[in-house]
Amino acid sequence: MAKIKPSKGAPYARILGVGGYRPTRIVPNEVILERIDSSDEWIRSRSGIETRHWANDDETVAAMSVEASGKAIAAAGIAPERIGAVIVSTVSNFRQTPAVATGIADKLGTDRAAAFDISAGCAGFGYGLTLAKGLIVEGSAEYVLVIGVERLSDLTDPEDRATAFLFGDGAGAVVVGPSEEPAIGPTVWGSEGDKSETIKQTVPWNEFAVGDVSKLPLDSKGNIKFPAITQEGQAVFRWAVFEMAKVAQEALEVAGISPADLDVFIPHQANERIIDSMVKTLKLPEHVTVARDVRTTGNTSAASIPLAMERLLATGEAKSGDTALVIGFGAGLVYAATVVTLP
């Protein structure tokens, strides 16, 4: 029987560069309030969100990804041709096939990199980062580009009082490459499919396309609503606050890191109340910098962690070499948490 040669890759992997792209249009709460019965004070007190970015027609999922990726590649200091794989996490690219990652890889000038999309909602960046680490250590790629990108304004019901103010658009990207020392810890990830109905798309695409019109949701003017994201807010809040704090703590433990060892905490930017509750439950020391990009960017799902990371580094609130805990959680319900060294 023939023996397969063992894989041989880098001993470890690390994030080498990060980049972000936020659409040019900034949407304040006042615009959201034109379609829902609420107030700026209520939105801020419930979510912490003051503004969000919404994409124009030219700021497609692919276009935003290319912009963010170009910055990440430049920060990593490598040529695009050296990227062996491109992983794109998104739930808002409406073309099922081909994967949007393939076109992005081509536009960036990679040398026929492996390219594929994943759908893991707000945990998508963590899933992609874990896959990238595995590819590098296993030896299938020297460098991997991980992109989290969303145009959630396309999946927002502007008349849904519970969600209309939550979502924003944008792209964040990181280049992951070889390392001589551990710089991405073990990932604590999973799913709770029994709770999958708490965050979901209102109408499946096939029902929207050919379904019984009488069963489709209508807006206040009687027009058929485009499929949108809806959620059971209180159920999601409780799950995120209580269960995800446990996952974050486990990620620290498997990485051999204590809360006192942390420099930065970068949770999924879903809601500032959730962030505050997690900080309290984890008993993070005051010296730990906490990402609060949600205030001006909103919930950008798969893009939220790399966008928040990019902003912290750009503003100097975090610095290269800092130890950061990152955790994403969302529709599925899925989650992923790990400890990383910032680029």
# chains A, B, ... in the order shown; residues from 1 in each chain; ligands from 1

$ closest_atom_pairs --of "region 151-241 of chain A" --to "region 54-70 of chain A" --cutoff "6 Å" --atoms "only C-alpha atoms" --output "CSV"
residue,atom,partner,partner_atom,distance
A:Gly168,CA,A:Trp54,CA,5.8
A:Asp169,CA,A:Trp54,CA,5.2
A:Ala171,CA,A:Ser65,CA,5.6
A:Gly172,CA,A:Ala68,CA,5.6
A:Ala173,CA,A:Ser69,CA,5.3

$ write_last_selection --atoms "N, CA, C and O atoms" --output "PDB file, in the first residue's frame"
ATOM      1  N   GLY A 168     -25.389  47.903   8.966  1.00  0.00           N
ATOM      2  CA  GLY A 168     -24.576  48.755   8.116  1.00  0.00           C
ATOM      3  C   GLY A 168     -23.835  47.920   7.091  1.00  0.00           C
ATOM      4  O   GLY A 168     -23.907  46.689   7.084  1.00  0.00           O
ATOM      5  N   ASP A 169     -23.101  48.607   6.210  1.00  0.00           N
ATOM      6  CA  ASP A 169     -22.352  47.963   5.140  1.00  0.00           C
ATOM      7  C   ASP A 169     -20.860  48.211   5.314  1.00  0.00           C
ATOM      8  O   ASP A 169     -20.453  49.205   5.925  1.00  0.00           O
ATOM      9  N   ALA A 171     -16.540  46.364   4.460  1.00  0.00           N
ATOM     10  CA  ALA A 171     -15.677  45.204   4.251  1.00  0.00           C
ATOM     11  C   ALA A 171     -14.430  45.338   5.101  1.00  0.00           C
ATOM     12  O   ALA A 171     -13.865  46.425   5.235  1.00  0.00           O
ATOM     13  N   GLY A 172     -14.004  44.214   5.666  1.00  0.00           N
ATOM     14  CA  GLY A 172     -12.751  44.156   6.403  1.00  0.00           C
ATOM     15  C   GLY A 172     -11.978  42.944   5.930  1.00  0.00           C
ATOM     16  O   GLY A 172     -12.572  41.913   5.592  1.00  0.00           O
ATOM     17  N   ALA A 173     -10.663  43.058   5.880  1.00  0.00           N
ATOM     18  CA  ALA A 173      -9.846  41.957   5.376  1.00  0.00           C
ATOM     19  C   ALA A 173      -8.560  41.844   6.171  1.00  0.00           C
ATOM     20  O   ALA A 173      -8.032  42.840   6.666  1.00  0.00           O
TER      21      ALA A 173
END

$ select_by_dssp --residues "region 63-159 of chain A" --states "strand (DSSP E or B)" --output "ChimeraX atom specification"
/A:83-89,114-118,143-151

$ closest_atom_pairs --of "region 8-110 of chain A" --to "region 260-278 of chain A" --cutoff "9 Å" --atoms "only C-alpha atoms" --output "JSON lines"
{"residue": "A:Arg44", "atom": "CA", "partner": "A:Glu272", "partner_atom": "CA", "distance": 8.9}
{"residue": "A:Ser45", "atom": "CA", "partner": "A:Arg273", "partner_atom": "CA", "distance": 8.2}
{"residue": "A:Arg46", "atom": "CA", "partner": "A:Arg273", "partner_atom": "CA", "distance": 6.9}
{"residue": "A:Ser47", "atom": "CA", "partner": "A:Asn271", "partner_atom": "CA", "distance": 4.7}
{"residue": "A:Gly48", "atom": "CA", "partner": "A:Glu272", "partner_atom": "CA", "distance": 5.1}
{"residue": "A:Ile49", "atom": "CA", "partner": "A:Asn271", "partner_atom": "CA", "distance": 7.7}

$ closest_residue --among "A:Ala162, A:Ala331, A:Ile73, A:Ile305" --to "Asp37 (chain A)" --atoms "only C-alpha atoms"
A:Ala162

$ residues_around --residues "Leu129 (chain A)" --least-positions-apart "3" --cutoff "12 Å" --atoms "only C-alpha atoms" --output "PyMOL selection string"
chain A and resi 13-15+85-89+118+123-126+132-136+143-148+173-177+183-187+189+302+305-306+326-328+336-340

$ write_last_selection --atoms "N, CA and C atoms" --output "tab-separated table (two decimals), in the first residue's frame"
chain	number	residue	atom	x	y	z
A	13	ALA	N	0.68	30.28	12.49
A	13	ALA	CA	0.17	31.31	11.59
A	13	ALA	C	-0.11	32.58	12.38
A	14	ARG	N	-0.13	33.72	11.67
A	14	ARG	CA	-0.41	34.99	12.32
A	14	ARG	C	-1.08	35.94	11.33
A	15	ILE	N	-1.75	36.95	11.86
A	15	ILE	CA	-2.30	38.02	11.04
A	15	ILE	C	-1.18	39.00	10.73
A	85	ALA	N	-4.85	31.50	-1.18
A	85	ALA	CA	-6.28	31.25	-1.02
A	85	ALA	C	-6.98	32.53	-0.60
A	86	VAL	N	-8.20	32.70	-1.09
A	86	VAL	CA	-9.04	33.84	-0.74
A	86	VAL	C	-10.35	33.29	-0.19
A	87	ILE	N	-10.65	33.65	1.06
A	87	ILE	CA	-11.87	33.21	1.74
A	87	ILE	C	-12.75	34.42	1.99
A	88	VAL	N	-13.97	34.40	1.49
A	88	VAL	CA	-14.90	35.51	1.67
A	88	VAL	C	-16.10	35.06	2.49
A	89	SER	N	-16.32	35.72	3.61
A	89	SER	CA	-17.50	35.45	4.43
A	89	SER	C	-18.52	36.54	4.20
A	118	ILE	N	-17.94	31.54	2.26
A	118	ILE	CA	-18.57	30.83	3.37
A	118	ILE	C	-19.72	31.67	3.89
A	123	ALA	N	-20.35	35.30	12.73
A	123	ALA	CA	-19.18	34.54	13.16
A	123	ALA	C	-18.26	34.23	11.97
A	124	GLY	N	-18.63	34.73	10.79
A	124	GLY	CA	-17.93	34.37	9.57
A	124	GLY	C	-16.46	34.70	9.55
A	125	PHE	N	-16.07	35.83	10.13
A	125	PHE	CA	-14.65	36.18	10.15
A	125	PHE	C	-13.86	35.17	10.96
A	126	GLY	N	-14.39	34.77	12.12
A	126	GLY	CA	-13.72	33.77	12.94
A	126	GLY	C	-13.60	32.43	12.25
A	132	ALA	N	-8.06	29.70	7.48
A	132	ALA	CA	-6.78	30.23	6.97
A	132	ALA	C	-5.61	29.67	7.77
A	133	LYS	N	-5.74	29.66	9.07
A	133	LYS	CA	-4.69	29.11	9.94
A	133	LYS	C	-4.41	27.66	9.57
A	134	GLY	N	-5.47	26.88	9.38
A	134	GLY	CA	-5.31	25.49	9.03
A	134	GLY	C	-4.61	25.28	7.70
A	135	LEU	N	-4.96	26.09	6.70
A	135	LEU	CA	-4.35	25.98	5.38
A	135	LEU	C	-2.84	26.25	5.45
A	136	ILE	N	-2.47	27.23	6.26
A	136	ILE	CA	-1.06	27.63	6.36
A	136	ILE	C	-0.25	26.58	7.11
A	143	TYR	N	0.16	32.16	2.16
A	143	TYR	CA	-0.58	33.32	2.65
A	143	TYR	C	-2.05	33.14	2.26
A	144	VAL	N	-2.94	33.54	3.16
A	144	VAL	CA	-4.37	33.45	2.92
A	144	VAL	C	-5.01	34.79	3.21
A	145	LEU	N	-5.88	35.23	2.31
A	145	LEU	CA	-6.64	36.46	2.49
A	145	LEU	C	-8.02	36.10	3.02
A	146	VAL	N	-8.39	36.66	4.16
A	146	VAL	CA	-9.71	36.43	4.75
A	146	VAL	C	-10.49	37.75	4.71
A	147	ILE	N	-11.67	37.70	4.11
A	147	ILE	CA	-12.49	38.90	3.94
A	147	ILE	C	-13.85	38.69	4.60
A	148	GLY	N	-14.28	39.67	5.38
A	148	GLY	CA	-15.65	39.72	5.87
A	148	GLY	C	-16.31	40.93	5.23
A	173	ALA	N	-10.66	43.06	5.88
A	173	ALA	CA	-9.85	41.96	5.38
A	173	ALA	C	-8.56	41.84	6.17
A	174	VAL	N	-8.06	40.62	6.26
A	174	VAL	CA	-6.75	40.38	6.87
A	174	VAL	C	-5.96	39.42	5.99
A	175	VAL	N	-4.66	39.58	6.01
A	175	VAL	CA	-3.75	38.61	5.39
A	175	VAL	C	-3.17	37.77	6.52
A	176	VAL	N	-3.30	36.47	6.38
A	176	VAL	CA	-2.76	35.53	7.36
A	176	VAL	C	-1.58	34.82	6.72
A	177	GLY	N	-0.48	34.73	7.46
A	177	GLY	CA	0.73	34.11	6.91
A	177	GLY	C	1.47	33.31	7.95
A	183	ALA	N	0.48	32.80	17.22
A	183	ALA	CA	-0.10	34.15	17.16
A	183	ALA	C	-1.59	34.13	16.87
A	184	ILE	N	-2.13	32.93	16.66
A	184	ILE	CA	-3.58	32.72	16.55
A	184	ILE	C	-3.89	31.50	17.40
A	185	GLY	N	-4.64	31.69	18.45
A	185	GLY	CA	-4.91	30.60	19.37
A	185	GLY	C	-5.91	29.59	18.84
A	186	PRO	N	-6.16	28.53	19.59
A	186	PRO	CA	-7.19	27.57	19.21
A	186	PRO	C	-8.55	28.26	19.15
A	187	THR	N	-9.37	27.84	18.20
A	187	THR	CA	-10.69	28.43	18.05
A	187	THR	C	-11.74	27.64	18.82
A	189	TRP	N	-15.47	27.17	18.67
A	189	TRP	CA	-16.56	27.50	17.75
A	189	TRP	C	-17.63	26.44	17.79
A	302	ALA	N	-20.31	39.84	9.21
A	302	ALA	CA	-18.98	39.24	9.03
A	302	ALA	C	-17.86	40.27	8.94
A	305	ILE	N	-15.72	42.52	12.90
A	305	ILE	CA	-14.48	42.34	13.67
A	305	ILE	C	-13.27	42.91	12.93
A	306	PRO	N	-13.05	42.57	11.65
A	306	PRO	CA	-11.89	43.17	10.98
A	306	PRO	C	-11.99	44.68	10.83
A	326	VAL	N	-10.97	37.93	20.21
A	326	VAL	CA	-12.00	38.24	19.23
A	326	VAL	C	-13.08	37.18	19.31
A	327	ILE	N	-14.32	37.61	19.18
A	327	ILE	CA	-15.44	36.67	19.21
A	327	ILE	C	-16.56	37.18	18.32
A	328	GLY	N	-17.07	36.29	17.47
A	328	GLY	CA	-18.21	36.61	16.62
A	328	GLY	C	-19.35	35.65	16.91
A	336	ALA	N	-17.72	31.86	17.10
A	336	ALA	CA	-16.30	31.52	16.99
A	336	ALA	C	-15.51	32.55	17.78
A	337	ALA	N	-14.59	32.07	18.61
A	337	ALA	CA	-13.77	32.95	19.44
A	337	ALA	C	-12.34	32.43	19.46
A	338	THR	N	-11.39	33.36	19.46
A	338	THR	CA	-9.98	33.00	19.54
A	338	THR	C	-9.19	34.18	20.05
A	339	VAL	N	-7.96	33.92	20.44
A	339	VAL	CA	-7.03	34.97	20.87
A	339	VAL	C	-5.98	35.14	19.78
A	340	VAL	N	-5.71	36.39	19.40
A	340	VAL	CA	-4.75	36.66	18.33
A	340	VAL	C	-3.75	37.73	18.76

$ atom_distance --atom1 "CA of Gln96 (chain A)" --atom2 "CA of Leu108 (chain A)"
21.3 Å

$ residues_around --residues "Pro227 (chain A)" --least-positions-apart "5" --cutoff "9 Å" --atoms "only C-alpha atoms" --output "ChimeraX atom specification"
/A:154-157,201-205,208,217

$ select_by_dssp --residues "region 139-316 of chain A" --states "alpha helix (DSSP H)" --output "PyMOL selection string"
chain A and resi 205-210+233-238+244-255+272-282+294-297+304-315
